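Structure file my_file-v2.cif with mmCIF, C-alpha atoms, pLDDT in the B column; chains and numbers go by the auth columns:
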data_start
#
loop_
_atom_site.group_PDB
_atom_site.id
_atom_site.type_symbol
_atom_site.label_atom_id
_atom_site.label_comp_id
_atom_site.label_asym_id
_atom_site.label_seq_id
_atom_site.Cartn_x
_atom_site.Cartn_y
_atom_site.Cartn_z
_atom_site.B_iso_or_equiv
_atom_site.auth_seq_id
_atom_site.auth_asym_id
ATOM 1 C CA MET A 1 0.000 0.000 0.000 43.00 1 A
ATOM 2 C CA ALA A 2 1.392 3.379 -0.980 47.00 2 A
ATOM 3 C CA ALA A 3 2.309 5.580 1.933 46.00 3 A
ATOM 4 C CA ARG A 4 0.001 8.506 2.517 48.00 4 A
ATOM 5 C CA LYS A 5 1.331 11.870 1.458 50.00 5 A
ATOM 6 C CA ARG A 6 2.562 13.681 4.552 59.00 6 A
ATOM 7 C CA ARG A 7 0.609 16.871 5.209 65.00 7 A
ATOM 8 C CA GLU A 8 2.647 20.030 5.708 75.00 8 A
ATOM 9 C CA PRO A 9 2.352 21.069 9.369 84.00 9 A
ATOM 10 C CA LEU A 10 0.337 24.164 10.118 89.00 10 A
ATOM 11 C CA SER A 11 2.397 27.247 10.935 93.00 11 A
ATOM 12 C CA ARG A 12 1.830 30.992 11.152 93.00 12 A
ATOM 13 C CA ASP A 13 3.665 31.554 7.871 93.00 13 A
ATOM 14 C CA ARG A 14 1.646 28.890 6.078 94.00 14 A
ATOM 15 C CA ALA A 15 -1.630 30.287 7.423 95.00 15 A
ATOM 16 C CA LEU A 16 -0.714 33.844 6.386 96.00 16 A
ATOM 17 C CA ALA A 17 0.345 32.724 2.904 96.00 17 A
ATOM 18 C CA ALA A 18 -3.040 31.041 2.470 96.00 18 A
ATOM 19 C CA ALA A 19 -4.844 34.120 3.804 96.00 19 A
ATOM 20 C CA ILE A 20 -3.020 36.392 1.345 97.00 20 A
ATOM 21 C CA ALA A 21 -3.849 34.069 -1.550 97.00 21 A
ATOM 22 C CA LEU A 22 -7.512 34.058 -0.509 97.00 22 A
ATOM 23 C CA VAL A 23 -7.784 37.842 -0.189 97.00 23 A
ATOM 24 C CA ASP A 24 -5.882 38.425 -3.445 97.00 24 A
ATOM 25 C CA ALA A 25 -8.377 36.166 -5.242 96.00 25 A
ATOM 26 C CA GLU A 26 -11.665 37.050 -3.534 96.00 26 A
ATOM 27 C CA GLY A 27 -11.224 40.226 -1.516 93.00 27 A
ATOM 28 C CA MET A 28 -11.145 40.992 2.190 94.00 28 A
ATOM 29 C CA ALA A 29 -14.828 40.161 2.682 93.00 29 A
ATOM 30 C CA ALA A 30 -14.074 36.487 1.952 95.00 30 A
ATOM 31 C CA LEU A 31 -11.554 36.198 4.789 95.00 31 A
ATOM 32 C CA THR A 32 -12.870 34.472 7.906 93.00 32 A
ATOM 33 C CA MET A 33 -11.164 32.105 10.294 92.00 33 A
ATOM 34 C CA ARG A 34 -13.546 29.331 9.239 92.00 34 A
ATOM 35 C CA ARG A 35 -12.928 29.877 5.511 94.00 35 A
ATOM 36 C CA LEU A 36 -9.163 30.069 5.999 94.00 36 A
ATOM 37 C CA ALA A 37 -9.192 26.846 8.025 92.00 37 A
ATOM 38 C CA ALA A 38 -11.159 25.118 5.269 93.00 38 A
ATOM 39 C CA ASP A 39 -8.648 26.259 2.636 93.00 39 A
ATOM 40 C CA LEU A 40 -5.828 24.905 4.800 92.00 40 A
ATOM 41 C CA GLY A 41 -7.639 21.648 5.495 90.00 41 A
ATOM 42 C CA VAL A 42 -7.577 22.109 9.287 91.00 42 A
ATOM 43 C CA GLU A 43 -10.045 22.762 12.070 88.00 43 A
ATOM 44 C CA ALA A 44 -10.777 26.430 12.702 83.00 44 A
ATOM 45 C CA MET A 45 -9.715 26.166 16.352 87.00 45 A
ATOM 46 C CA SER A 46 -6.228 25.030 15.346 86.00 46 A
ATOM 47 C CA LEU A 47 -5.633 28.408 13.710 88.00 47 A
ATOM 48 C CA TYR A 48 -5.909 30.131 17.065 87.00 48 A
ATOM 49 C CA HIS A 49 -2.631 28.548 18.169 87.00 49 A
ATOM 50 C CA HIS A 50 -0.885 30.621 15.485 91.00 50 A
ATOM 51 C CA LEU A 51 -3.187 33.623 14.949 90.00 51 A
ATOM 52 C CA PRO A 52 -5.235 34.853 17.936 87.00 52 A
ATOM 53 C CA GLY A 53 -8.579 35.539 16.286 87.00 53 A
ATOM 54 C CA LYS A 54 -9.583 37.783 13.395 90.00 54 A
ATOM 55 C CA GLU A 55 -7.692 40.812 14.712 92.00 55 A
ATOM 56 C CA GLY A 56 -4.551 38.727 15.091 92.00 56 A
ATOM 57 C CA LEU A 57 -5.040 37.473 11.550 94.00 57 A
ATOM 58 C CA LEU A 58 -5.348 41.023 10.200 95.00 58 A
ATOM 59 C CA ASP A 59 -2.231 42.101 12.106 94.00 59 A
ATOM 60 C CA GLY A 60 -0.466 39.080 10.633 95.00 60 A
ATOM 61 C CA LEU A 61 -1.470 40.116 7.118 96.00 61 A
ATOM 62 C CA VAL A 62 -0.044 43.583 7.735 96.00 62 A
ATOM 63 C CA ASP A 63 3.198 42.079 9.039 96.00 63 A
ATOM 64 C CA ALA A 64 3.450 39.872 5.950 96.00 64 A
ATOM 65 C CA VAL A 65 2.875 42.767 3.549 97.00 65 A
ATOM 66 C CA ILE A 66 5.426 44.967 5.348 97.00 66 A
ATOM 67 C CA ALA A 67 7.950 42.117 5.175 97.00 67 A
ATOM 68 C CA GLU A 68 7.301 41.858 1.435 97.00 68 A
ATOM 69 C CA ILE A 69 7.801 45.615 1.028 97.00 69 A
ATOM 70 C CA ALA A 70 11.011 45.512 3.052 96.00 70 A
ATOM 71 C CA ALA A 71 12.364 42.660 0.919 96.00 71 A
ATOM 72 C CA ALA A 72 11.429 44.501 -2.275 96.00 72 A
ATOM 73 C CA GLY A 73 13.060 47.666 -0.930 94.00 73 A
ATOM 74 C CA GLY A 74 16.234 45.763 -0.107 93.00 74 A
ATOM 75 C CA GLN A 75 16.362 44.377 -3.634 95.00 75 A
ATOM 76 C CA ALA A 76 15.762 47.853 -5.050 95.00 76 A
ATOM 77 C CA GLU A 77 18.665 49.169 -2.960 91.00 77 A
ATOM 78 C CA THR A 78 20.887 46.437 -4.420 93.00 78 A
ATOM 79 C CA ASP A 79 19.739 47.232 -7.953 93.00 79 A
ATOM 80 C CA ALA A 80 20.452 50.949 -7.403 92.00 80 A
ATOM 81 C CA ALA A 81 23.897 50.419 -5.852 89.00 81 A
ATOM 82 C CA GLY A 82 26.092 53.374 -6.735 89.00 82 A
ATOM 83 C CA GLY A 83 23.138 55.567 -7.658 93.00 83 A
ATOM 84 C CA ASP A 84 22.312 58.917 -6.078 95.00 84 A
ATOM 85 C CA TRP A 85 19.769 59.312 -3.269 96.00 85 A
ATOM 86 C CA ARG A 86 16.966 60.150 -5.681 96.00 86 A
ATOM 87 C CA THR A 87 17.477 57.063 -7.838 96.00 87 A
ATOM 88 C CA ARG A 88 17.706 54.839 -4.776 96.00 88 A
ATOM 89 C CA LEU A 89 14.537 56.179 -3.148 97.00 89 A
ATOM 90 C CA ARG A 90 12.586 56.189 -6.394 96.00 90 A
ATOM 91 C CA LEU A 91 13.361 52.519 -7.019 96.00 91 A
ATOM 92 C CA ARG A 92 12.554 51.677 -3.388 97.00 92 A
ATOM 93 C CA PHE A 93 9.167 53.413 -3.471 97.00 93 A
ATOM 94 C CA LEU A 94 8.261 51.934 -6.865 97.00 94 A
ATOM 95 C CA ALA A 95 9.174 48.487 -5.520 97.00 95 A
ATOM 96 C CA ALA A 96 6.760 49.082 -2.623 97.00 96 A
ATOM 97 C CA ARG A 97 4.175 50.192 -5.176 97.00 97 A
ATOM 98 C CA ALA A 98 4.562 46.909 -7.060 97.00 98 A
ATOM 99 C CA VAL A 99 3.807 45.022 -3.831 97.00 99 A
ATOM 100 C CA MET A 100 0.649 47.079 -3.312 97.00 100 A
ATOM 101 C CA LEU A 101 -0.500 46.465 -6.874 95.00 101 A
ATOM 102 C CA ARG A 102 -0.190 42.718 -6.195 96.00 102 A
ATOM 103 C CA HIS A 103 -2.259 43.165 -3.028 97.00 103 A
ATOM 104 C CA PRO A 104 -4.708 46.048 -3.736 94.00 104 A
ATOM 105 C CA TRP A 105 -6.535 45.388 -0.453 95.00 105 A
ATOM 106 C CA ALA A 106 -3.407 46.202 1.555 96.00 106 A
ATOM 107 C CA PRO A 107 -3.555 50.052 1.599 93.00 107 A
ATOM 108 C CA ALA A 108 -6.959 50.109 3.295 92.00 108 A
ATOM 109 C CA LEU A 109 -5.881 47.435 5.773 94.00 109 A
ATOM 110 C CA LEU A 110 -2.631 49.206 6.649 93.00 110 A
ATOM 111 C CA SER A 111 -4.506 52.465 7.182 89.00 111 A
ATOM 112 C CA SER A 112 -7.005 50.800 9.528 90.00 112 A
ATOM 113 C CA ARG A 113 -4.674 49.119 12.036 89.00 113 A
ATOM 114 C CA PRO A 114 -4.301 50.779 15.465 88.00 114 A
ATOM 115 C CA THR A 115 -0.635 49.851 15.963 89.00 115 A
ATOM 116 C CA ILE A 116 2.550 50.311 13.932 89.00 116 A
ATOM 117 C CA PRO A 117 3.936 47.021 12.568 91.00 117 A
ATOM 118 C CA ALA A 118 7.404 46.341 13.931 88.00 118 A
ATOM 119 C CA GLY A 119 8.832 45.767 10.435 91.00 119 A
ATOM 120 C CA VAL A 120 8.076 49.363 9.439 94.00 120 A
ATOM 121 C CA TYR A 121 10.916 50.715 11.584 94.00 121 A
ATOM 122 C CA GLY A 122 13.612 48.812 9.706 93.00 122 A
ATOM 123 C CA TYR A 123 12.128 49.887 6.391 95.00 123 A
ATOM 124 C CA TYR A 124 12.211 53.575 7.350 95.00 124 A
ATOM 125 C CA GLU A 125 15.722 53.162 8.739 95.00 125 A
ATOM 126 C CA GLY A 126 16.784 52.332 5.182 94.00 126 A
ATOM 127 C CA ILE A 127 15.021 55.419 3.810 95.00 127 A
ATOM 128 C CA LEU A 128 16.696 57.654 6.411 95.00 128 A
ATOM 129 C CA ALA A 129 20.094 56.118 5.671 94.00 129 A
ATOM 130 C CA THR A 130 19.649 56.921 1.988 95.00 130 A
ATOM 131 C CA LEU A 131 18.732 60.543 2.744 95.00 131 A
ATOM 132 C CA VAL A 132 21.617 61.046 5.170 95.00 132 A
ATOM 133 C CA ASP A 133 24.047 59.413 2.725 94.00 133 A
ATOM 134 C CA GLY A 134 22.685 61.855 0.140 94.00 134 A
ATOM 135 C CA GLY A 135 23.747 64.851 2.227 94.00 135 A
ATOM 136 C CA PHE A 136 20.496 65.693 4.037 95.00 136 A
ATOM 137 C CA SER A 137 20.453 66.693 7.690 94.00 137 A
ATOM 138 C CA TYR A 138 18.303 64.688 10.094 94.00 138 A
ATOM 139 C CA ARG A 139 15.980 67.683 10.365 94.00 139 A
ATOM 140 C CA ILE A 140 15.303 67.793 6.620 94.00 140 A
ATOM 141 C CA ALA A 141 15.141 63.982 6.465 95.00 141 A
ATOM 142 C CA HIS A 142 12.476 64.034 9.173 95.00 142 A
ATOM 143 C CA ARG A 143 10.453 66.570 7.217 94.00 143 A
ATOM 144 C CA ALA A 144 10.908 64.469 4.092 96.00 144 A
ATOM 145 C CA LEU A 145 9.331 61.462 5.808 95.00 145 A
ATOM 146 C CA HIS A 146 6.299 63.578 6.644 94.00 146 A
ATOM 147 C CA ALA A 147 6.103 64.783 3.048 95.00 147 A
ATOM 148 C CA PHE A 148 6.380 61.250 1.652 96.00 148 A
ATOM 149 C CA GLY A 149 3.551 59.975 3.838 93.00 149 A
ATOM 150 C CA SER A 150 2.140 56.713 2.528 94.00 150 A
ATOM 151 C CA LEU A 151 4.016 57.095 -0.784 95.00 151 A
ATOM 152 C CA ALA A 152 6.990 55.438 0.905 96.00 152 A
ATOM 153 C CA LEU A 153 4.836 52.331 1.324 96.00 153 A
ATOM 154 C CA GLY A 154 3.645 52.382 -2.274 96.00 154 A
ATOM 155 C CA PHE A 155 0.262 54.104 -2.213 94.00 155 A
ATOM 156 C CA ALA A 156 -1.329 57.539 -1.946 90.00 156 A
ATOM 157 C CA GLN A 157 -3.723 57.815 0.974 82.00 157 A
ATOM 158 C CA GLU A 158 -6.844 59.854 0.208 73.00 158 A
ATOM 159 C CA VAL A 159 -8.821 61.560 2.974 64.00 159 A
ATOM 160 C CA PHE A 160 -12.131 60.992 1.185 62.00 160 A
ATOM 161 C CA ARG A 161 -12.707 58.063 -1.133 61.00 161 A
ATOM 162 C CA PRO A 162 -15.565 55.802 -2.210 57.00 162 A
ATOM 163 C CA ALA A 163 -15.968 52.502 -0.357 57.00 163 A
ATOM 164 C CA PRO A 164 -13.712 49.788 -1.893 53.00 164 A
ATOM 165 C CA ASP A 165 -16.614 47.612 -3.037 51.00 165 A
ATOM 166 C CA GLU A 166 -18.948 50.428 -4.058 54.00 166 A
ATOM 167 C CA GLU A 167 -20.452 49.962 -7.503 56.00 167 A
ATOM 168 C CA ILE A 168 -20.261 53.032 -9.732 55.00 168 A
ATOM 169 C CA ASP A 169 -23.395 53.838 -11.740 60.00 169 A
ATOM 170 C CA ALA A 170 -22.078 55.322 -15.007 57.00 170 A
ATOM 171 C CA ASP A 171 -25.317 57.221 -15.783 66.00 171 A
ATOM 172 C CA ALA A 172 -25.519 58.648 -12.260 73.00 172 A
ATOM 173 C CA ALA A 173 -21.852 59.625 -12.370 64.00 173 A
ATOM 174 C CA GLU A 174 -22.356 61.431 -15.692 67.00 174 A
ATOM 175 C CA ALA A 175 -25.385 63.302 -14.329 77.00 175 A
ATOM 176 C CA GLU A 176 -23.448 64.250 -11.193 75.00 176 A
ATOM 177 C CA LEU A 177 -20.562 65.552 -13.289 71.00 177 A
ATOM 178 C CA ALA A 178 -22.963 67.657 -15.386 77.00 178 A
ATOM 179 C CA ALA A 179 -24.513 69.149 -12.237 79.00 179 A
ATOM 180 C CA MET A 180 -21.072 69.796 -10.808 76.00 180 A
ATOM 181 C CA ALA A 181 -20.043 71.675 -13.959 79.00 181 A
ATOM 182 C CA GLU A 182 -22.649 74.358 -13.250 79.00 182 A
ATOM 183 C CA GLN A 183 -21.757 74.886 -9.590 84.00 183 A
ATOM 184 C CA LEU A 184 -18.068 73.899 -9.489 84.00 184 A
ATOM 185 C CA PRO A 185 -16.676 74.509 -12.983 84.00 185 A
ATOM 186 C CA HIS A 186 -12.986 74.152 -12.093 82.00 186 A
ATOM 187 C CA LEU A 187 -13.445 70.874 -10.220 78.00 187 A
ATOM 188 C CA ALA A 188 -15.604 69.507 -13.037 77.00 188 A
ATOM 189 C CA ALA A 189 -13.041 70.496 -15.657 80.00 189 A
ATOM 190 C CA MET A 190 -10.248 68.883 -13.627 78.00 190 A
ATOM 191 C CA VAL A 191 -12.183 65.625 -13.245 73.00 191 A
ATOM 192 C CA ALA A 192 -12.958 65.565 -16.974 74.00 192 A
ATOM 193 C CA ALA A 193 -9.312 66.183 -17.830 74.00 193 A
ATOM 194 C CA GLU A 194 -8.046 63.544 -15.431 69.00 194 A
ATOM 195 C CA MET A 195 -10.067 60.495 -16.442 66.00 195 A
ATOM 196 C CA HIS A 196 -7.588 57.691 -15.831 62.00 196 A
ATOM 197 C CA ASP A 197 -6.202 55.645 -18.683 69.00 197 A
ATOM 198 C CA ALA A 198 -7.568 52.112 -18.375 66.00 198 A
ATOM 199 C CA ALA A 199 -4.029 50.775 -18.859 74.00 199 A
ATOM 200 C CA ASP A 200 -2.636 52.880 -15.984 76.00 200 A
ATOM 201 C CA PRO A 201 -2.394 50.674 -12.841 77.00 201 A
ATOM 202 C CA THR A 202 -4.472 52.104 -10.019 80.00 202 A
ATOM 203 C CA LEU A 203 -4.974 51.289 -6.357 80.00 203 A
ATOM 204 C CA GLY A 204 -8.253 53.105 -5.938 70.00 204 A
ATOM 205 C CA TRP A 205 -10.290 56.160 -6.628 65.00 205 A
ATOM 206 C CA CYS A 206 -7.431 58.598 -7.216 73.00 206 A
ATOM 207 C CA ASP A 207 -4.177 56.661 -6.915 81.00 207 A
ATOM 208 C CA SER A 208 -2.904 55.905 -10.403 86.00 208 A
ATOM 209 C CA GLN A 209 0.677 54.987 -11.271 90.00 209 A
ATOM 210 C CA THR A 210 1.073 58.207 -13.286 87.00 210 A
ATOM 211 C CA GLU A 211 -0.035 60.361 -10.360 88.00 211 A
ATOM 212 C CA PHE A 212 2.109 58.380 -7.922 91.00 212 A
ATOM 213 C CA GLU A 213 5.291 58.900 -9.953 92.00 213 A
ATOM 214 C CA PHE A 214 4.447 62.564 -10.641 91.00 214 A
ATOM 215 C CA THR A 215 4.097 63.221 -6.909 93.00 215 A
ATOM 216 C CA LEU A 216 7.352 61.402 -6.120 95.00 216 A
ATOM 217 C CA ASP A 217 9.289 63.475 -8.642 94.00 217 A
ATOM 218 C CA LEU A 218 7.701 66.684 -7.349 94.00 218 A
ATOM 219 C CA LEU A 219 8.755 65.847 -3.784 95.00 219 A
ATOM 220 C CA PHE A 220 12.263 64.860 -4.872 96.00 220 A
ATOM 221 C CA ASP A 221 12.659 68.170 -6.718 95.00 221 A
ATOM 222 C CA GLY A 222 11.618 70.011 -3.569 95.00 222 A
ATOM 223 C CA LEU A 223 14.074 68.039 -1.429 94.00 223 A
ATOM 224 C CA GLU A 224 16.887 68.785 -3.837 92.00 224 A
ATOM 225 C CA ASN A 225 16.099 72.512 -3.490 91.00 225 A
ATOM 226 C CA ALA A 226 15.983 72.199 0.310 89.00 226 A
ATOM 227 C CA ARG A 227 19.422 70.582 0.358 80.00 227 A
ATOM 228 C CA ALA A 228 20.985 73.235 -1.893 69.00 228 A
#

Do you think you could lay out the structure here as structure tokens?
Amino acid sequence: MAARKRREPLSRDRALAAAIALVDAEGMAALTMRRLAADLGVEAMSLYHHLPGKEGLLDGLVDAVIAEIAAAGGQAETDAAGGDWRTRLRLRFLAARAVMLRHPWAPALLSSRPTIPAGVYGYYEGILATLVDGGFSYRIAHRALHAFGSLALGFAQEVFRPAPDEEIDADAAEAELAAMAEQLPHLAAMVAAEMHDAADPTLGWCDSQTEFEFTLDLLFDGLENARA
């Protein structure tokens, strides 16, 4: 009789990898402890030994995404070896952006967590090192981190945005834009001019790749002036 195939033991890393695959495929609404356990082929209670409930699972997802960003940033730093501060930071931030585009649910999750993931500190240490190596004082580097905001993690955080799963009614949107044109002509003209190219990767309502890179370059130009 053929020996049974040995099942891979359950671990935190294995559970988080399965959770990421599930959310990438079906969205955050599909993620429950029961569903994750079923995908792993284990009892739901066994997950609690590795992830303490839904909040622990969400914190674990954040940790996993930050680790992926840190690894991508480290590779970007290697690829940019010998480059100036601007080249190094640009590649680092675009590498973080690529991670977010693979996991478009991650920006909203990161923004919702009440604590700072431990892995973030090492990631920002690398950004600070690049700025200091580039000739910036710690004071200007500190201000730069504030200016970068969430761009350093690969996304642009909007104060107001539609709900992630909200369906957009094209006819209603067109009527709203027409009404806006009468009362708010400049805003309406801007919206009409800035309809996103369907081929331009986006992470949400107003976070396209083109806008992300434009903002990075604008900030880098300002930092270069501040250093001069």

**Asked** Excluding same-chain residues fewer than 5 positions from Thr130 in chain A, what lies within 12 Å of it counting all atoms listed in the file, as a list of chain:residue names?
**Response** A:Gly73, A:Gly74, A:Glu77, A:Ala80, A:Ala81, A:Gly82, A:Gly83, A:Asp84, A:Trp85, A:Arg86, A:Thr87, A:Arg88, A:Leu89, A:Arg90, A:Leu91, A:Arg92, A:Tyr123, A:Tyr124, A:Glu125, A:Gly135, A:Phe136, A:Ser137, A:Tyr138, A:Ala141, A:Ala144, A:Leu145

task = Find the distance between CA of Phe220 in chain A and CA of Ile116 in chain A and write it in Å to one decimal.
result =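 Rounded to one decimal, the two atoms are 25.7 Å apart.
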
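Nearest to Val65 in chain A of all the residues A:Cys206, A:Met28, A:Ala172, A:Leu110 is A:Leu110, counting all atoms listed in the file.
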
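One distance worth recording is that between CA of Gly53 in chain A and CA of Leu16 in chain A, which is 12.8 Å.
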
| task | Quick one: everything within 7 Å of Leu153 in chain A, counting all atoms listed in the file, minus sequence neighbours fewer than 5 positions away in the same chain. Send it as a PyMOL selection string. | result | chain A and resi 93+96-97

Those selected residues, please, written with C-alpha atoms and delivered as an mmCIF file, in the coordinates of the input.
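Result file is again.cif:
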data_model
loop_
_atom_site.group_PDB
_atom_site.id
_atom_site.type_symbol
_atom_site.label_atom_id
_atom_site.label_comp_id
_atom_site.auth_asym_id
_atom_site.auth_seq_id
_atom_site.Cartn_x
_atom_site.Cartn_y
_atom_site.Cartn_z
ATOM 1 C CA PHE A 93 9.167 53.413 -3.471
ATOM 2 C CA ALA A 96 6.760 49.082 -2.623
ATOM 3 C CA ARG A 97 4.175 50.192 -5.176
#

Given only C-alpha atoms as the counted atoms, nearest of A:Val132, A:Leu58, A:Ala72, A:Ala67 to Arg113 in chain A: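 Smallest separation from Arg113 in chain A among the options: A:Leu58.
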
What does the distance between CA of His50 in chain A and CA of Arg14 in chain A come to in Å, to one decimal place?
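Between CA of His50 in chain A and CA of Arg14 in chain A the gap works out to 9.9 Å.
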
Fix up range 114-143 of chain A with N, CA and C atoms, then write it as a PDB file, in the coordinates of the input.
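And here's result.pdb as it stands now:
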ATOM      1  N   PRO A 114      -4.552  49.829  14.376  1.00 88.00           N
ATOM      2  CA  PRO A 114      -4.301  50.779  15.465  1.00 88.00           C
ATOM      3  C   PRO A 114      -2.852  50.837  15.936  1.00 88.00           C
ATOM      4  N   THR A 115      -2.030  49.871  15.527  1.00 89.00           N
ATOM      5  CA  THR A 115      -0.635  49.851  15.963  1.00 89.00           C
ATOM      6  C   THR A 115       0.304  49.849  14.764  1.00 89.00           C
ATOM      7  N   ILE A 116       1.541  50.272  15.001  1.00 89.00           N
ATOM      8  CA  ILE A 116       2.550  50.311  13.932  1.00 89.00           C
ATOM      9  C   ILE A 116       3.234  48.953  13.860  1.00 89.00           C
ATOM     10  N   PRO A 117       3.238  48.315  12.689  1.00 91.00           N
ATOM     11  CA  PRO A 117       3.936  47.021  12.568  1.00 91.00           C
ATOM     12  C   PRO A 117       5.427  47.184  12.832  1.00 91.00           C
ATOM     13  N   ALA A 118       5.994  46.237  13.552  1.00 88.00           N
ATOM     14  CA  ALA A 118       7.404  46.341  13.931  1.00 88.00           C
ATOM     15  C   ALA A 118       8.321  46.442  12.717  1.00 88.00           C
ATOM     16  N   GLY A 119       7.984  45.764  11.621  1.00 91.00           N
ATOM     17  CA  GLY A 119       8.832  45.767  10.435  1.00 91.00           C
ATOM     18  C   GLY A 119       8.959  47.113   9.764  1.00 91.00           C
ATOM     19  N   VAL A 120       8.039  48.039  10.064  1.00 94.00           N
ATOM     20  CA  VAL A 120       8.076  49.363   9.439  1.00 94.00           C
ATOM     21  C   VAL A 120       9.333  50.124   9.849  1.00 94.00           C
ATOM     22  N   TYR A 121       9.774  49.934  11.095  1.00 94.00           N
ATOM     23  CA  TYR A 121      10.916  50.715  11.584  1.00 94.00           C
ATOM     24  C   TYR A 121      12.190  50.424  10.786  1.00 94.00           C
ATOM     25  N   GLY A 122      12.439  49.154  10.506  1.00 93.00           N
ATOM     26  CA  GLY A 122      13.612  48.812   9.706  1.00 93.00           C
ATOM     27  C   GLY A 122      13.525  49.362   8.292  1.00 93.00           C
ATOM     28  N   TYR A 123      12.325  49.360   7.742  1.00 95.00           N
ATOM     29  CA  TYR A 123      12.128  49.887   6.391  1.00 95.00           C
ATOM     30  C   TYR A 123      12.450  51.386   6.348  1.00 95.00           C
ATOM     31  N   TYR A 124      11.946  52.134   7.326  1.00 95.00           N
ATOM     32  CA  TYR A 124      12.211  53.575   7.350  1.00 95.00           C
ATOM     33  C   TYR A 124      13.657  53.885   7.738  1.00 95.00           C
ATOM     34  N   GLU A 125      14.290  52.997   8.465  1.00 95.00           N
ATOM     35  CA  GLU A 125      15.722  53.162   8.739  1.00 95.00           C
ATOM     36  C   GLU A 125      16.507  53.212   7.430  1.00 95.00           C
ATOM     37  N   GLY A 126      16.118  52.340   6.481  1.00 94.00           N
ATOM     38  CA  GLY A 126      16.784  52.332   5.182  1.00 94.00           C
ATOM     39  C   GLY A 126      16.550  53.620   4.404  1.00 94.00           C
ATOM     40  N   ILE A 127      15.326  54.158   4.484  1.00 95.00           N
ATOM     41  CA  ILE A 127      15.021  55.419   3.810  1.00 95.00           C
ATOM     42  C   ILE A 127      15.845  56.560   4.413  1.00 95.00           C
ATOM     43  N   LEU A 128      15.899  56.617   5.737  1.00 95.00           N
ATOM     44  CA  LEU A 128      16.696  57.654   6.411  1.00 95.00           C
ATOM     45  C   LEU A 128      18.172  57.538   6.057  1.00 95.00           C
ATOM     46  N   ALA A 129      18.682  56.318   6.021  1.00 94.00           N
ATOM     47  CA  ALA A 129      20.094  56.118   5.671  1.00 94.00           C
ATOM     48  C   ALA A 129      20.382  56.658   4.273  1.00 94.00           C
ATOM     49  N   THR A 130      19.464  56.431   3.352  1.00 95.00           N
ATOM     50  CA  THR A 130      19.649  56.921   1.988  1.00 95.00           C
ATOM     51  C   THR A 130      19.671  58.444   1.962  1.00 95.00           C
ATOM     52  N   LEU A 131      18.776  59.077   2.707  1.00 95.00           N
ATOM     53  CA  LEU A 131      18.732  60.543   2.744  1.00 95.00           C
ATOM     54  C   LEU A 131      19.990  61.124   3.379  1.00 95.00           C
ATOM     55  N   VAL A 132      20.414  60.544   4.487  1.00 95.00           N
ATOM     56  CA  VAL A 132      21.617  61.046   5.170  1.00 95.00           C
ATOM     57  C   VAL A 132      22.854  60.840   4.298  1.00 95.00           C
ATOM     58  N   ASP A 133      22.941  59.662   3.658  1.00 94.00           N
ATOM     59  CA  ASP A 133      24.047  59.413   2.725  1.00 94.00           C
ATOM     60  C   ASP A 133      24.025  60.415   1.574  1.00 94.00           C
ATOM     61  N   GLY A 134      22.817  60.904   1.234  1.00 94.00           N
ATOM     62  CA  GLY A 134      22.685  61.855   0.140  1.00 94.00           C
ATOM     63  C   GLY A 134      22.973  63.287   0.538  1.00 94.00           C
ATOM     64  N   GLY A 135      23.355  63.514   1.803  1.00 94.00           N
ATOM     65  CA  GLY A 135      23.747  64.851   2.227  1.00 94.00           C
ATOM     66  C   GLY A 135      22.685  65.627   2.976  1.00 94.00           C
ATOM     67  N   PHE A 136      21.550  64.996   3.315  1.00 95.00           N
ATOM     68  CA  PHE A 136      20.496  65.693   4.037  1.00 95.00           C
ATOM     69  C   PHE A 136      20.744  65.624   5.542  1.00 95.00           C
ATOM     70  N   SER A 137      20.386  66.696   6.235  1.00 94.00           N
ATOM     71  CA  SER A 137      20.453  66.693   7.690  1.00 94.00           C
ATOM     72  C   SER A 137      19.305  65.841   8.224  1.00 94.00           C
ATOM     73  N   TYR A 138      19.396  65.454   9.491  1.00 94.00           N
ATOM     74  CA  TYR A 138      18.303  64.688  10.094  1.00 94.00           C
ATOM     75  C   TYR A 138      17.028  65.522  10.155  1.00 94.00           C
ATOM     76  N   ARG A 139      17.163  66.825  10.317  1.00 94.00           N
ATOM     77  CA  ARG A 139      15.980  67.683  10.365  1.00 94.00           C
ATOM     78  C   ARG A 139      15.232  67.653   9.031  1.00 94.00           C
ATOM     79  N   ILE A 140      15.962  67.825   7.930  1.00 94.00           N
ATOM     80  CA  ILE A 140      15.303  67.793   6.620  1.00 94.00           C
ATOM     81  C   ILE A 140      14.803  66.385   6.296  1.00 94.00           C
ATOM     82  N   ALA A 141      15.571  65.366   6.710  1.00 95.00           N
ATOM     83  CA  ALA A 141      15.141  63.982   6.465  1.00 95.00           C
ATOM     84  C   ALA A 141      13.836  63.690   7.199  1.00 95.00           C
ATOM     85  N   HIS A 142      13.714  64.215   8.413  1.00 95.00           N
ATOM     86  CA  HIS A 142      12.476  64.034   9.173  1.00 95.00           C
ATOM     87  C   HIS A 142      11.305  64.677   8.446  1.00 95.00           C
ATOM     88  N   ARG A 143      11.518  65.876   7.946  1.00 94.00           N
ATOM     89  CA  ARG A 143      10.453  66.570   7.217  1.00 94.00           C
ATOM     90  C   ARG A 143      10.122  65.836   5.919  1.00 94.00           C
TER      91      ARG A 143
END
